[in-house]
>>> print(open('my_file_37.cif').read())   # mmCIF, C-alpha atoms
data_coords
loop_
_atom_site.group_PDB
_atom_site.id
_atom_site.type_symbol
_atom_site.label_atom_id
_atom_site.label_comp_id
_atom_site.auth_asym_id
_atom_site.auth_seq_id
_atom_site.Cartn_x
_atom_site.Cartn_y
_atom_site.Cartn_z
ATOM 1 C CA MET A 1 0.000 0.000 0.000
ATOM 2 C CA ALA A 2 1.467 3.315 -1.072
ATOM 3 C CA LYS A 3 1.871 5.978 1.547
ATOM 4 C CA TYR A 4 2.016 9.697 1.028
ATOM 5 C CA LEU A 5 2.445 12.901 2.948
ATOM 6 C CA HIS A 6 2.367 16.309 1.273
ATOM 7 C CA ASP A 7 5.491 18.423 1.709
ATOM 8 C CA ASP A 8 3.382 20.847 3.747
ATOM 9 C CA VAL A 9 2.849 18.099 6.313
ATOM 10 C CA LEU A 10 6.570 17.449 6.565
ATOM 11 C CA ASP A 11 7.215 21.199 6.734
ATOM 12 C CA ALA A 12 4.714 21.529 9.558
ATOM 13 C CA LEU A 13 6.908 19.303 11.668
ATOM 14 C CA LEU A 14 10.061 21.212 10.763
ATOM 15 C CA LEU A 15 8.404 24.593 11.281
ATOM 16 C CA THR A 16 7.341 23.591 14.759
ATOM 17 C CA VAL A 17 11.033 23.824 15.512
ATOM 18 C CA ALA A 18 12.039 26.580 13.085
ATOM 19 C CA ASP A 19 9.234 28.917 14.150
ATOM 20 C CA TYR A 20 9.897 28.644 17.859
ATOM 21 C CA ALA A 21 13.425 27.504 18.692
ATOM 22 C CA ASP A 22 15.237 30.683 19.683
ATOM 23 C CA ARG A 23 18.264 29.211 21.426
ATOM 24 C CA LEU A 24 20.815 26.564 20.514
ATOM 25 C CA THR A 25 22.651 24.946 23.401
ATOM 26 C CA VAL A 26 25.694 22.701 23.400
ATOM 27 C CA CYS A 27 25.396 19.982 26.042
ATOM 28 C CA SER A 28 27.654 17.448 27.746
ATOM 29 C CA SER A 29 24.982 14.730 27.798
ATOM 30 C CA GLN A 30 21.620 14.117 26.169
ATOM 31 C CA PRO A 31 19.143 16.607 27.616
ATOM 32 C CA THR A 32 15.646 15.224 28.074
ATOM 33 C CA THR A 33 14.081 18.354 29.532
ATOM 34 C CA PHE A 34 14.224 22.099 28.960
ATOM 35 C CA VAL A 35 16.041 22.592 32.262
ATOM 36 C CA GLU A 36 18.679 20.014 31.384
ATOM 37 C CA ALA A 37 19.256 21.686 28.021
ATOM 38 C CA THR A 38 19.528 25.209 29.382
ATOM 39 C CA SER A 39 21.197 24.865 32.801
ATOM 40 C CA GLY A 40 24.782 24.223 33.796
ATOM 41 C CA SER A 41 25.932 21.242 35.800
ATOM 42 C CA GLY A 42 25.528 23.196 39.042
ATOM 43 C CA SER A 43 21.819 23.549 38.346
ATOM 44 C CA GLY A 44 20.995 20.053 37.225
ATOM 45 C CA GLY A 45 21.704 20.561 33.553
ATOM 46 C CA TYR A 46 24.169 19.725 30.819
ATOM 47 C CA MET A 47 24.534 23.061 29.052
ATOM 48 C CA LEU A 48 28.088 24.118 28.198
ATOM 49 C CA ALA A 49 27.442 26.938 25.753
ATOM 50 C CA TYR A 50 24.504 28.678 24.107
ATOM 51 C CA VAL A 51 23.694 31.079 21.323
ATOM 52 C CA GLY A 52 20.503 32.872 20.366
ATOM 53 C CA LEU A 53 18.690 32.013 17.144
ATOM 54 C CA THR A 54 16.136 34.023 15.205
ATOM 55 C CA PRO A 55 13.122 31.848 14.377
ATOM 56 C CA SER A 56 9.889 33.490 13.099
ATOM 57 C CA GLY A 57 8.669 31.904 9.911
ATOM 58 C CA GLY A 58 11.674 29.728 9.283
ATOM 59 C CA GLY A 59 14.280 32.430 8.993
ATOM 60 C CA PRO A 60 16.925 33.719 9.015
ATOM 61 C CA ASP A 61 18.625 31.032 11.083
ATOM 62 C CA TYR A 62 16.556 28.288 9.460
ATOM 63 C CA THR A 63 16.227 27.363 5.795
ATOM 64 C CA LEU A 64 13.684 24.835 4.563
ATOM 65 C CA SER A 65 14.282 23.002 1.305
ATOM 66 C CA ASP A 66 13.814 19.698 -0.489
ATOM 67 C CA SER A 67 16.112 16.898 0.569
ATOM 68 C CA ALA A 68 16.992 13.742 -1.318
ATOM 69 C CA SER A 69 14.036 11.911 0.191
ATOM 70 C CA GLY A 70 11.767 14.458 1.802
ATOM 71 C CA ARG A 71 12.197 17.883 3.335
ATOM 72 C CA GLN A 72 14.916 19.391 5.424
ATOM 73 C CA CYS A 73 15.554 22.413 7.587
ATOM 74 C CA GLN A 74 19.081 23.707 7.800
ATOM 75 C CA VAL A 75 20.157 25.388 11.005
ATOM 76 C CA THR A 76 22.587 28.144 10.095
ATOM 77 C CA SER A 77 26.196 28.022 11.247
ATOM 78 C CA GLN A 78 26.799 29.890 14.508
ATOM 79 C CA ALA A 79 30.292 31.292 14.758
ATOM 80 C CA GLN A 80 32.420 31.684 17.846
ATOM 81 C CA PHE A 81 30.026 31.974 20.754
ATOM 82 C CA SER A 82 31.233 31.745 24.333
ATOM 83 C CA VAL A 83 31.709 28.549 26.272
ATOM 84 C CA VAL A 84 30.139 29.045 29.704
ATOM 85 C CA TYR A 85 31.148 25.799 31.399
ATOM 86 C CA SER A 86 34.026 23.432 30.684
ATOM 87 C CA GLY A 87 33.109 19.908 29.632
ATOM 88 C CA THR A 88 32.863 17.535 26.710
ATOM 89 C CA ALA A 89 30.237 18.439 24.135
ATOM 90 C CA THR A 90 28.184 15.464 22.939
ATOM 91 C CA HIS A 91 24.771 16.904 22.074
ATOM 92 C CA VAL A 92 23.224 20.003 20.553
ATOM 93 C CA ALA A 93 19.720 21.109 21.510
ATOM 94 C CA LEU A 94 17.168 23.598 20.225
ATOM 95 C CA VAL A 95 14.828 25.146 22.767
ATOM 96 C CA ASP A 96 11.940 27.586 22.926
ATOM 97 C CA LEU A 97 12.843 29.969 25.734
ATOM 98 C CA SER A 98 9.477 31.634 26.246
ATOM 99 C CA ALA A 99 7.525 28.376 26.306
ATOM 100 C CA GLN A 100 10.378 26.591 28.091
ATOM 101 C CA LYS A 101 10.242 23.667 25.682
ATOM 102 C CA LEU A 102 13.014 21.354 24.577
ATOM 103 C CA LEU A 103 12.204 21.001 20.884
ATOM 104 C CA ALA A 104 15.024 19.019 19.294
ATOM 105 C CA VAL A 105 18.257 17.264 20.201
ATOM 106 C CA THR A 106 20.957 15.836 17.991
ATOM 107 C CA THR A 107 24.427 14.504 18.579
ATOM 108 C CA CYS A 108 27.874 15.850 17.866
ATOM 109 C CA THR A 109 31.275 14.264 17.832
ATOM 110 C CA SER A 110 32.717 14.438 21.354
ATOM 111 C CA GLN A 111 34.714 17.602 21.735
ATOM 112 C CA ALA A 112 36.293 19.096 24.851
ATOM 113 C CA LEU A 113 35.241 22.692 25.522
ATOM 114 C CA THR A 114 36.962 25.087 27.887
ATOM 115 C CA ALA A 115 35.141 27.807 29.782
ATOM 116 C CA THR A 116 35.919 31.287 28.430
ATOM 117 C CA GLY A 117 36.789 29.694 25.103
ATOM 118 C CA LEU A 118 34.759 29.928 21.931
ATOM 119 C CA VAL A 119 32.797 27.327 20.021
ATOM 120 C CA THR A 120 31.456 27.278 16.479
ATOM 121 C CA THR A 121 28.590 25.120 15.297
ATOM 122 C CA PRO A 122 28.575 24.480 11.556
ATOM 123 C CA ALA A 123 25.334 24.329 9.607
ATOM 124 C CA TRP A 124 23.387 21.122 10.186
ATOM 125 C CA ASN A 125 20.078 19.691 9.055
ATOM 126 C CA MET A 126 16.872 18.326 10.445
ATOM 127 C CA VAL A 127 15.571 15.943 7.801
ATOM 128 C CA VAL A 128 12.084 14.492 7.514
ATOM 129 C CA ASN A 129 11.954 11.630 5.067
ATOM 130 C CA ASP A 130 8.952 10.830 2.904
ATOM 131 C CA PRO A 131 6.938 7.813 4.069
ATOM 132 C CA THR A 132 7.646 4.666 2.082
ATOM 133 C CA MET B 1 46.450 33.794 27.367
ATOM 134 C CA THR B 2 45.316 31.377 24.704
ATOM 135 C CA THR B 3 41.624 31.418 23.809
ATOM 136 C CA HIS B 4 40.358 27.994 22.894
ATOM 137 C CA ASN B 5 38.280 28.078 19.757
ATOM 138 C CA VAL B 6 36.779 24.828 18.586
ATOM 139 C CA THR B 7 34.325 23.830 15.892
ATOM 140 C CA LEU B 8 31.867 21.039 16.559
ATOM 141 C CA GLU B 9 30.939 18.306 14.128
ATOM 142 C CA ILE B 10 27.152 17.930 14.339
ATOM 143 C CA GLN B 11 25.211 14.962 13.053
ATOM 144 C CA ASP B 12 21.976 15.669 11.180
ATOM 145 C CA LEU B 13 18.711 14.918 12.950
ATOM 146 C CA VAL B 14 16.881 12.505 10.650
ATOM 147 C CA ILE B 15 13.209 11.705 11.131
ATOM 148 C CA ASN B 16 11.653 8.773 9.327
ATOM 149 C CA THR B 17 7.931 9.196 8.962
ATOM 150 C CA GLU B 18 7.635 5.470 8.370
ATOM 151 C CA ASN B 19 8.288 5.066 12.060
ATOM 152 C CA MET B 20 5.816 7.745 12.991
ATOM 153 C CA ILE B 21 2.857 6.977 10.781
ATOM 154 C CA ASP B 22 2.143 3.349 9.995
ATOM 155 C CA LEU B 23 -1.039 3.615 7.975
ATOM 156 C CA ASP B 24 -1.425 -0.161 7.682
ATOM 157 C CA GLU B 25 -1.277 -0.472 11.456
ATOM 158 C CA LEU B 26 -3.655 2.441 11.868
ATOM 159 C CA ILE B 27 -6.219 0.867 9.526
ATOM 160 C CA LYS B 28 -5.834 -2.446 11.332
ATOM 161 C CA ARG B 29 -6.478 -0.791 14.683
ATOM 162 C CA ILE B 30 -9.541 1.012 13.349
ATOM 163 C CA GLN B 31 -10.888 -2.237 11.926
ATOM 164 C CA GLU B 32 -10.391 -3.882 15.296
ATOM 165 C CA LEU B 33 -12.175 -1.051 17.046
ATOM 166 C CA ILE B 34 -15.244 -1.246 14.812
ATOM 167 C CA GLY B 35 -15.225 -5.026 14.700
ATOM 168 C CA GLU B 36 -14.522 -5.349 11.001
ATOM 169 C CA LYS B 37 -12.583 -8.346 9.720
ATOM 170 C CA ASP B 38 -11.223 -8.870 6.228
ATOM 171 C CA GLY B 39 -13.590 -6.485 4.547
ATOM 172 C CA GLU B 40 -16.648 -7.762 6.358
ATOM 173 C CA VAL B 41 -19.117 -4.952 6.797
ATOM 174 C CA PRO B 42 -19.918 -4.425 10.467
ATOM 175 C CA THR B 43 -23.530 -4.668 11.439
#
>>> encode(input="my_file_37.cif", output="structure tokens")
Amino acid sequence: MAKYLHDDVLDALLLTVADYADRLTVCSSQPTTFVEATSGSGSGGYMLAYVGLTPSGGGPDYTLSDSASGRQCQVTSQAQFSVVYSGTATHVALVDLSAQKLLAVTTCTSQALTATGLVTTPAWNMVVNDPT
Amino acid sequence: MTTHNVTLEIQDLVINTENMIDLDELIKRIQELIGEKDGEVPT
């Protein structure tokens, strides 16, 4: 049985993140809550560094486009923002500050970060594949 | 003083809708709920 979802349906999922996620945080473990994604280790969280993003309608820090097998949303590269706490980065999270929601989490290659240093996140994608 | 400046390598977040929406399973569940079996029209 063939299955189908219009691109608008896939975009709706991506825009739920792109329209509301206004902060990217780099974490030392997988955050499962907003507090874990946005607080340092002294406050029960895993956050090592953070940077503000501009959502609103999928831009300018988000770009939706076709992918090889569905739709994707690219999160723009964020250059040289401050490391707040030292630790080993393993995850990157997107959160909605005003609603206090953890919206998305992905992984990164383990990388030691030093407080007062700087970190750059390259562009990365959230991809929603077509149903098959 | 040296300022550490590192660039992360981030893996894409990939979502497979096949895992989210199983239409065959959904139809099966609906058929179970209304008591329909193999195309039999419920009475």
>>> residues_around(input="my_file_37.cif", residues="Ser82 (chain A)", least_positions_apart="5", cutoff="8 Å", atoms="all atoms listed in the file", output="ChimeraX atom specification")
/A:49-50,115-119
>>> resolve_selection(input="my_file_37.cif", expression="the PyMOL selection byres ((chain A and resi 95) around 9)", output="list in words")
Val17, Tyr20, Ala21, Asp22, Arg23, Leu24, Thr25, Phe34, Ala37, Thr38, Ala93, Leu94, Asp96, Leu97, Ala99, Gln100, Lys101, Leu102, Leu103, Ala104 and Val105 of chain A
>>> resolve_selection(input="my_file_37.cif", expression="the PyMOL selection byres ((chain A) within 7 of (chain B))", output="PyMOL selection string")
chain A and resi 106-109+111+114+117-122+124-132
>>> write_last_selection(input="my_file_37.cif", atoms="C-alpha atoms", output="compact mmCIF listing (two decimals), keeping the file's coordinate frame")
# COMPACT_ATOMS: atom_id res chain seq x y z
CA THR A 106 20.96 15.84 17.99
CA THR A 107 24.43 14.50 18.58
CA CYS A 108 27.87 15.85 17.87
CA THR A 109 31.28 14.26 17.83
CA GLN A 111 34.71 17.60 21.74
CA THR A 114 36.96 25.09 27.89
CA GLY A 117 36.79 29.69 25.10
CA LEU A 118 34.76 29.93 21.93
CA VAL A 119 32.80 27.33 20.02
CA THR A 120 31.46 27.28 16.48
CA THR A 121 28.59 25.12 15.30
CA PRO A 122 28.58 24.48 11.56
CA TRP A 124 23.39 21.12 10.19
CA ASN A 125 20.08 19.69 9.06
CA MET A 126 16.87 18.33 10.44
CA VAL A 127 15.57 15.94 7.80
CA VAL A 128 12.08 14.49 7.51
CA ASN A 129 11.95 11.63 5.07
CA ASP A 130 8.95 10.83 2.90
CA PRO A 131 6.94 7.81 4.07
CA THR A 132 7.65 4.67 2.08
>>> atom_distance(input="my_file_37.cif", atom1="CA of Ala18 (chain A)", atom2="CA of Gly70 (chain A)")
16.6 Å
>>> resolve_selection(input="my_file_37.cif", expression="the PyMOL selection byres ((chain A and resi 63) around 6)", output="list in words")
Tyr62, Leu64, Cys73 and Gln74 of chain A
>>> atom_distance(input="my_file_37.cif", atom1="CA of Asp11 (chain A)", atom2="CA of Pro60 (chain A)")
16.0 Å
>>> atom_distance(input="my_file_37.cif", atom1="CA of Gln78 (chain A)", atom2="CA of Val35 (chain A)")
22.0 Å
>>> residues_near_point(input="my_file_37.cif", point="(18.3, 20.1, 38.7)", cutoff="8 Å", atoms="all atoms listed in the file", output="NGL selection string")
:A and (35-36 or 42-45)
